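Q: Dropping the structure in here first, questions after.
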Amino acid sequence: MSDNKFSKLPLSKSLLDNLASMEYSEMTPIQAQSLPLMLDGKDVIGQGKTGSGKTAAFGLSLLTNLNVKRFRVQSLVLCPTRELADQVAKEIRKLARTIHNIKVLTLCGGMPMGPQIGSLEHGAHILVGTPGRILDHLERGRINLAELNTLVLDEADRMLDMGFQDALDAIVAEAPKQRQTLLFSATFPEKIQQVAARIMQEPQLVKVESTHEQSTISQHFYKVGSNEQRMQALETLLLTHQPESAVIFCNTKREVQEVADDLHYKGFSVIDLHGDLEQRERNQTLVQFSNKSISILVATDVAARGLDVENLDAVINYELSRDPEVHVHRIGRTGRAGSKGVACSLYNDKEHHRVALIDEYMDIAIEPEALPQTSNNKPLQPTMVTIEISGGKKQKVRAGDILGALTGQNGIDGKKVGKINLFDMRAYVAVDKSLAKVAHKKIENGKMKGRKFRARILS
C-alpha cells in the first residue's frame, strides 16, 4: 500500500504537512488513480460515488495549480446544489489551511446577492457554486475568468438532470480554452460523454466502481390466454417486481389507452404516451415519468421514440413487437449504466411466430415461464411529485432560480429537490411528495427574476 501514500506525489511540503495533520496518509482508489494524472496537467473524468474521496483529489490538484500572489479567479468548481457547494468549499479550505491568504468564495442560488457582490469586489482565488448563480454574476460582469486554469464539474450527471445544461455551456464559453477541466460523475451516460467530448482535451477516464458489472438484462417470457389473462399477468408482474420506473409497450394507441385506464383504476401510478398528444402534453408526460413522479409509462414504439430515461427498472412487452429488432430496442432501455434490468414479455398462441423470430434474432432459447404467485403487494407509489411553473426560458428562468426559490431562506432541503426541466414558456421541478405543498407555496409566494410566477402541483 506504500505506493498509495500522498507523500509519493509531487505535492508541496505545506500541503503534505496539512494532509498529515488531517491524518490523510493513504489515498483512496479514486485519488490514487486520478491525482497523478491531474498533477500532470491532464483533463480527467472521474467516475465515483459520494464518499470516494474525489473532493480531496480535485482540491489538491487545483491548489497545486494556484498562484497565491495573483489575486484573481484561478479555479472554478461547479456543483448541482448549495449543500454540495458548501461541503466542497469547506473541504478545500481545510486542505488549504497551511497556505496563507487563499480566498475560497461560495456563490449559490437561494442566498442574498448583496453579500456575494461585496465578496466578489474584494476578489477570490477559488469560486465554488451552482451554475445558475455563477452565470448570473458572469453575465453582470462581476466575475472575470481570464486567468482561470482549472474548471471542475462535480456531480456532473446530477447537474444535467437538474436542467443546468444551458448554464454550463454558457459558463464554459466564458472560460479560457487553455485550461485543465476535471469532471466527476457517479454515472457516465451518453449525455455526459457528449459534454466531455465538447469541453475537454483528450480526457483520461478514471473509474473506481469495480463492483459495477456489465449491463445485464434478465429476460422472461410468459404465455397467456385471453386478453383478461394478459391484463392480470401484467398486474401480477408489476406487483411482484415493484419497479420504481417501468415502460409498458403496446402495439396500438387504443391498447395503450385501455392498459393505462385499467392500471389507473387499480391504483397504479401510470401515464400514457401516444401520437395524439400535443407537444406540451407530451413534454409534461415525459417530464413526470423521467423525474420519478410517475412510476409507469404505457406507450407505443412510435410515441416512445427518443425517450431518454435513466435507471429504468423494467420493460414489459404487453404484446410482442412484430419486428425482433424493435424487441431488442425496447428491452435495451433497461439495464443501462452497469445496472441490472428486467424485461418481461407476454404472448399467446397466435404470437408464437414472433417468439421464434426473437429466438433466432437474439440467438437465445426462449422457454415460457410460470407467472409469479399473485402478490399481496399494493401498487408502488412514487416518492416525488412535479410542480409546473408558469415561466421558462423566454422569461429567463433558470434551474438555479428555481432551486434558489425552493431552498432559500427557511426553504426546503436541496436533497429533496429532483430534476428541473426548462421549456420556453414552462418549467417543471420534482420535489419530495411530503413537501409538495410547502414547495408550491415557496414558489407562488416568492420571486424569481424579480417577479412572481404561478405554480401548480401536477396530479
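Going through the C-alpha cells in order, the chains are called A, B, and so on, while each chain numbers its residues from 1 and the ligands are numbered from 1 in the order shown.
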List the spatial neighbours of segment 150-156 of chain A as number ranges by chain - criterion: any atom at most 8 Å away, only C-alpha atoms, same-chain residues fewer than 2 positions off excluded.

A: A: 58, 62, 65, 74-80, 148, 158-160, 179-186, 192

Q: Write the residues of the preceding selection, restricted to C-alpha atoms, as a CSV table (one decimal), in the first residue's frame.

A:
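This went into out_14.csv:
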```csv
chain,number,residue,atom,x,y,z
A,58,PHE,CA,-9.5,17.7,-7.3
A,62,LEU,CA,-6.4,23.0,-8.1
A,65,ASN,CA,-2.2,25.0,-9.8
A,74,GLN,CA,-7.9,30.7,-11.0
A,75,SER,CA,-10.2,27.8,-10.1
A,76,LEU,CA,-14.0,27.3,-10.6
A,77,VAL,CA,-15.9,24.4,-9.1
A,78,LEU,CA,-19.5,23.9,-10.3
A,79,CYS,CA,-21.9,21.8,-8.1
A,80,PRO,CA,-25.6,20.9,-8.5
A,148,LEU,CA,-8.9,30.5,-14.9
A,158,ARG,CA,-27.0,15.5,-11.4
A,159,MET,CA,-26.3,19.0,-12.8
A,160,LEU,CA,-27.6,17.8,-16.2
A,179,ARG,CA,-7.3,25.3,-19.1
A,180,GLN,CA,-7.5,22.0,-17.2
A,181,THR,CA,-11.0,20.5,-17.0
A,182,LEU,CA,-11.9,17.9,-14.4
A,183,LEU,CA,-15.3,16.2,-14.5
A,184,PHE,CA,-16.7,13.9,-11.8
A,185,SER,CA,-19.9,11.9,-12.1
A,186,ALA,CA,-21.4,8.9,-10.3
A,192,ILE,CA,-22.1,13.2,-20.0
```

Q: Quick one: residues within 12 Å of Ile420 of chain A, only C-alpha atoms counted, chain neighbours fewer than 4 positions away excluded, as a short mmCIF file (atom, residue, chain, number, x, y, z; two decimals) with N, CA and C atoms, in the first residue's frame?

A:
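To be explicit, this is the file written out as around.cif:
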```cif
data_model
loop_
_atom_site.label_atom_id
_atom_site.label_comp_id
_atom_site.auth_asym_id
_atom_site.auth_seq_id
_atom_site.Cartn_x
_atom_site.Cartn_y
_atom_site.Cartn_z
N PRO A 80 -24.16 20.85 -8.28
CA PRO A 80 -25.60 20.94 -8.55
C PRO A 80 -26.41 21.61 -7.45
N ARG A 158 -25.83 14.85 -12.13
CA ARG A 158 -26.96 15.47 -11.43
C ARG A 158 -27.20 16.89 -11.93
N MET A 159 -26.13 17.60 -12.29
CA MET A 159 -26.30 18.96 -12.83
C MET A 159 -27.13 18.93 -14.11
N LEU A 160 -26.85 17.94 -14.97
CA LEU A 160 -27.62 17.83 -16.20
C LEU A 160 -29.05 17.40 -15.90
N ASP A 161 -29.23 16.47 -14.96
CA ASP A 161 -30.57 16.03 -14.56
C ASP A 161 -31.41 17.21 -14.08
N MET A 162 -30.76 18.15 -13.41
CA MET A 162 -31.49 19.28 -12.81
C MET A 162 -31.68 20.43 -13.79
N GLY A 163 -31.26 20.23 -15.06
CA GLY A 163 -31.54 21.23 -16.08
C GLY A 163 -30.51 22.32 -16.24
N PHE A 164 -29.26 22.07 -15.82
CA PHE A 164 -28.22 23.10 -15.88
C PHE A 164 -27.41 23.10 -17.19
N GLN A 165 -27.83 22.32 -18.19
CA GLN A 165 -27.05 22.19 -19.43
C GLN A 165 -26.74 23.56 -20.05
N VAL A 287 -41.65 14.49 -18.73
CA VAL A 287 -41.04 15.10 -17.55
C VAL A 287 -41.46 14.35 -16.29
N GLN A 288 -42.78 14.11 -16.14
CA GLN A 288 -43.28 13.45 -14.93
C GLN A 288 -42.74 12.03 -14.80
N SER A 290 -39.81 10.83 -16.29
CA SER A 290 -38.35 10.81 -16.14
C SER A 290 -37.89 11.34 -14.79
N ASN A 291 -38.70 12.20 -14.15
CA ASN A 291 -38.28 12.71 -12.84
C ASN A 291 -38.85 11.90 -11.68
N LYS A 292 -39.40 10.72 -12.00
CA LYS A 292 -39.86 9.75 -10.99
C LYS A 292 -41.12 10.19 -10.24
N VAL A 385 -43.17 14.37 -6.62
CA VAL A 385 -44.31 14.97 -7.31
C VAL A 385 -43.77 16.13 -8.14
N THR A 386 -44.46 16.46 -9.23
CA THR A 386 -43.99 17.52 -10.12
C THR A 386 -44.78 18.81 -9.91
N ILE A 387 -44.06 19.91 -9.84
CA ILE A 387 -44.68 21.24 -9.79
C ILE A 387 -44.42 21.93 -11.12
N GLU A 388 -45.50 22.41 -11.76
CA GLU A 388 -45.37 23.16 -13.02
C GLU A 388 -45.32 24.65 -12.70
N ILE A 389 -44.39 25.36 -13.32
CA ILE A 389 -44.21 26.80 -13.09
C ILE A 389 -44.53 27.54 -14.39
N GLY A 392 -40.54 30.09 -18.18
CA GLY A 392 -39.47 29.23 -18.68
C GLY A 392 -38.33 30.04 -19.27
N VAL A 397 -35.95 32.33 -16.89
CA VAL A 397 -35.92 31.49 -15.69
C VAL A 397 -34.88 30.39 -15.88
N ARG A 398 -34.04 30.20 -14.89
CA ARG A 398 -33.01 29.16 -14.96
C ARG A 398 -33.23 28.16 -13.83
N ALA A 399 -32.58 27.00 -13.97
CA ALA A 399 -32.69 25.97 -12.93
C ALA A 399 -32.23 26.52 -11.58
N GLY A 400 -31.18 27.33 -11.60
CA GLY A 400 -30.66 27.91 -10.36
C GLY A 400 -31.66 28.82 -9.66
N ASP A 401 -32.48 29.54 -10.46
CA ASP A 401 -33.50 30.41 -9.88
C ASP A 401 -34.55 29.57 -9.12
N ILE A 402 -34.95 28.46 -9.75
CA ILE A 402 -35.97 27.60 -9.14
C ILE A 402 -35.41 26.94 -7.88
N LEU A 403 -34.19 26.44 -7.99
CA LEU A 403 -33.56 25.80 -6.83
C LEU A 403 -33.41 26.80 -5.69
N LEU A 406 -36.68 27.54 -3.90
CA LEU A 406 -37.11 26.43 -3.04
C LEU A 406 -36.25 26.29 -1.79
N ARG A 426 -42.60 27.18 -19.92
CA ARG A 426 -42.92 26.41 -18.73
C ARG A 426 -41.65 25.85 -18.10
N ALA A 427 -41.72 25.60 -16.80
CA ALA A 427 -40.64 24.90 -16.11
C ALA A 427 -41.28 23.88 -15.18
N TYR A 428 -40.56 22.80 -14.94
CA TYR A 428 -41.07 21.74 -14.07
C TYR A 428 -39.98 21.36 -13.07
N VAL A 429 -40.38 21.16 -11.83
CA VAL A 429 -39.42 20.73 -10.81
C VAL A 429 -40.04 19.58 -10.00
N ALA A 430 -39.25 18.55 -9.79
CA ALA A 430 -39.70 17.42 -8.96
C ALA A 430 -39.26 17.66 -7.53
N VAL A 431 -40.17 17.46 -6.59
CA VAL A 431 -39.84 17.59 -5.18
C VAL A 431 -40.40 16.39 -4.43
#
```

Q: Name the residues of segment 164-224 of chain A that fall into strand (DSSP E) according to DSSP on the backbone, using the chain letters and numbers of this document, as a list in words.

A: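 Taking segment 164-224 of chain A and keeping strand (DSSP E) only, one gets Gln180, Thr181, Leu182, Leu183, Phe184, Ser185, Gln204, Leu205, Val206, Lys207, Thr216, Ile217, Ser218, Gln219, His220, Phe221, Tyr222 and Lys223 of chain A.
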
Q: With distances taken over only C-alpha atoms, which of A:Lys54, A:Lys378, A:His125, A:His329 is nearest to Glu91 of chain A?

A: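 Answer, going by the shortest atom-to-atom distance: A:Lys54.
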
Q: Between atom CA of Val208 of chain A and atom CA of Asp169 of chain A, what distance in Å does the model show, to one decimal?

A: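 A separation of 27.5 Å between them.
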
Q: Between atom CA of Ile358 of chain A and atom CA of Pro324 of chain A, what is the spacing in Å?

A: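 Between atom CA of Pro324 of chain A and atom CA of Ile358 of chain A the gap works out to 4.9 Å.
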
Q: Find the nearest atom pair between each residue of segment 291-367 of chain A and segment 230-240 of chain A for residues within 10 Å, count only C-alpha atoms, give distances in Å to one decimal, sort rows by chain and ascending number, and present the table as a tab-separated table.

A:
```
residue	atom	partner	partner_atom	distance
A:Ile296	CA	A:Leu238	CA	9.3
A:Ala314	CA	A:Leu238	CA	9.2
A:Ile316	CA	A:Leu234	CA	8.0
A:Asn317	CA	A:Leu234	CA	9.2
A:Tyr318	CA	A:Leu234	CA	7.3
A:Glu319	CA	A:Arg230	CA	9.0
A:Cys344	CA	A:Leu237	CA	8.2
A:Ser345	CA	A:Leu234	CA	9.4
A:Leu346	CA	A:Arg230	CA	7.1
A:Tyr347	CA	A:Arg230	CA	8.2
A:Asn348	CA	A:Arg230	CA	8.7
```

Q: Do a neighbour search on segment 242-244 of chain A at 12 Å with only C-alpha atoms, toss out local chain neighbours closer than 5 positions, and write the hits as a VMD selection string.

A: chain A and resid 234 to 237 268 to 270 289 to 297 310 to 316 334 341 to 343 375 to 384

Q: Quick one, how far is atom CA of Lys253 of chain A from atom CA of His274 of chain A?

A: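 A separation of 6.0 Å between them.
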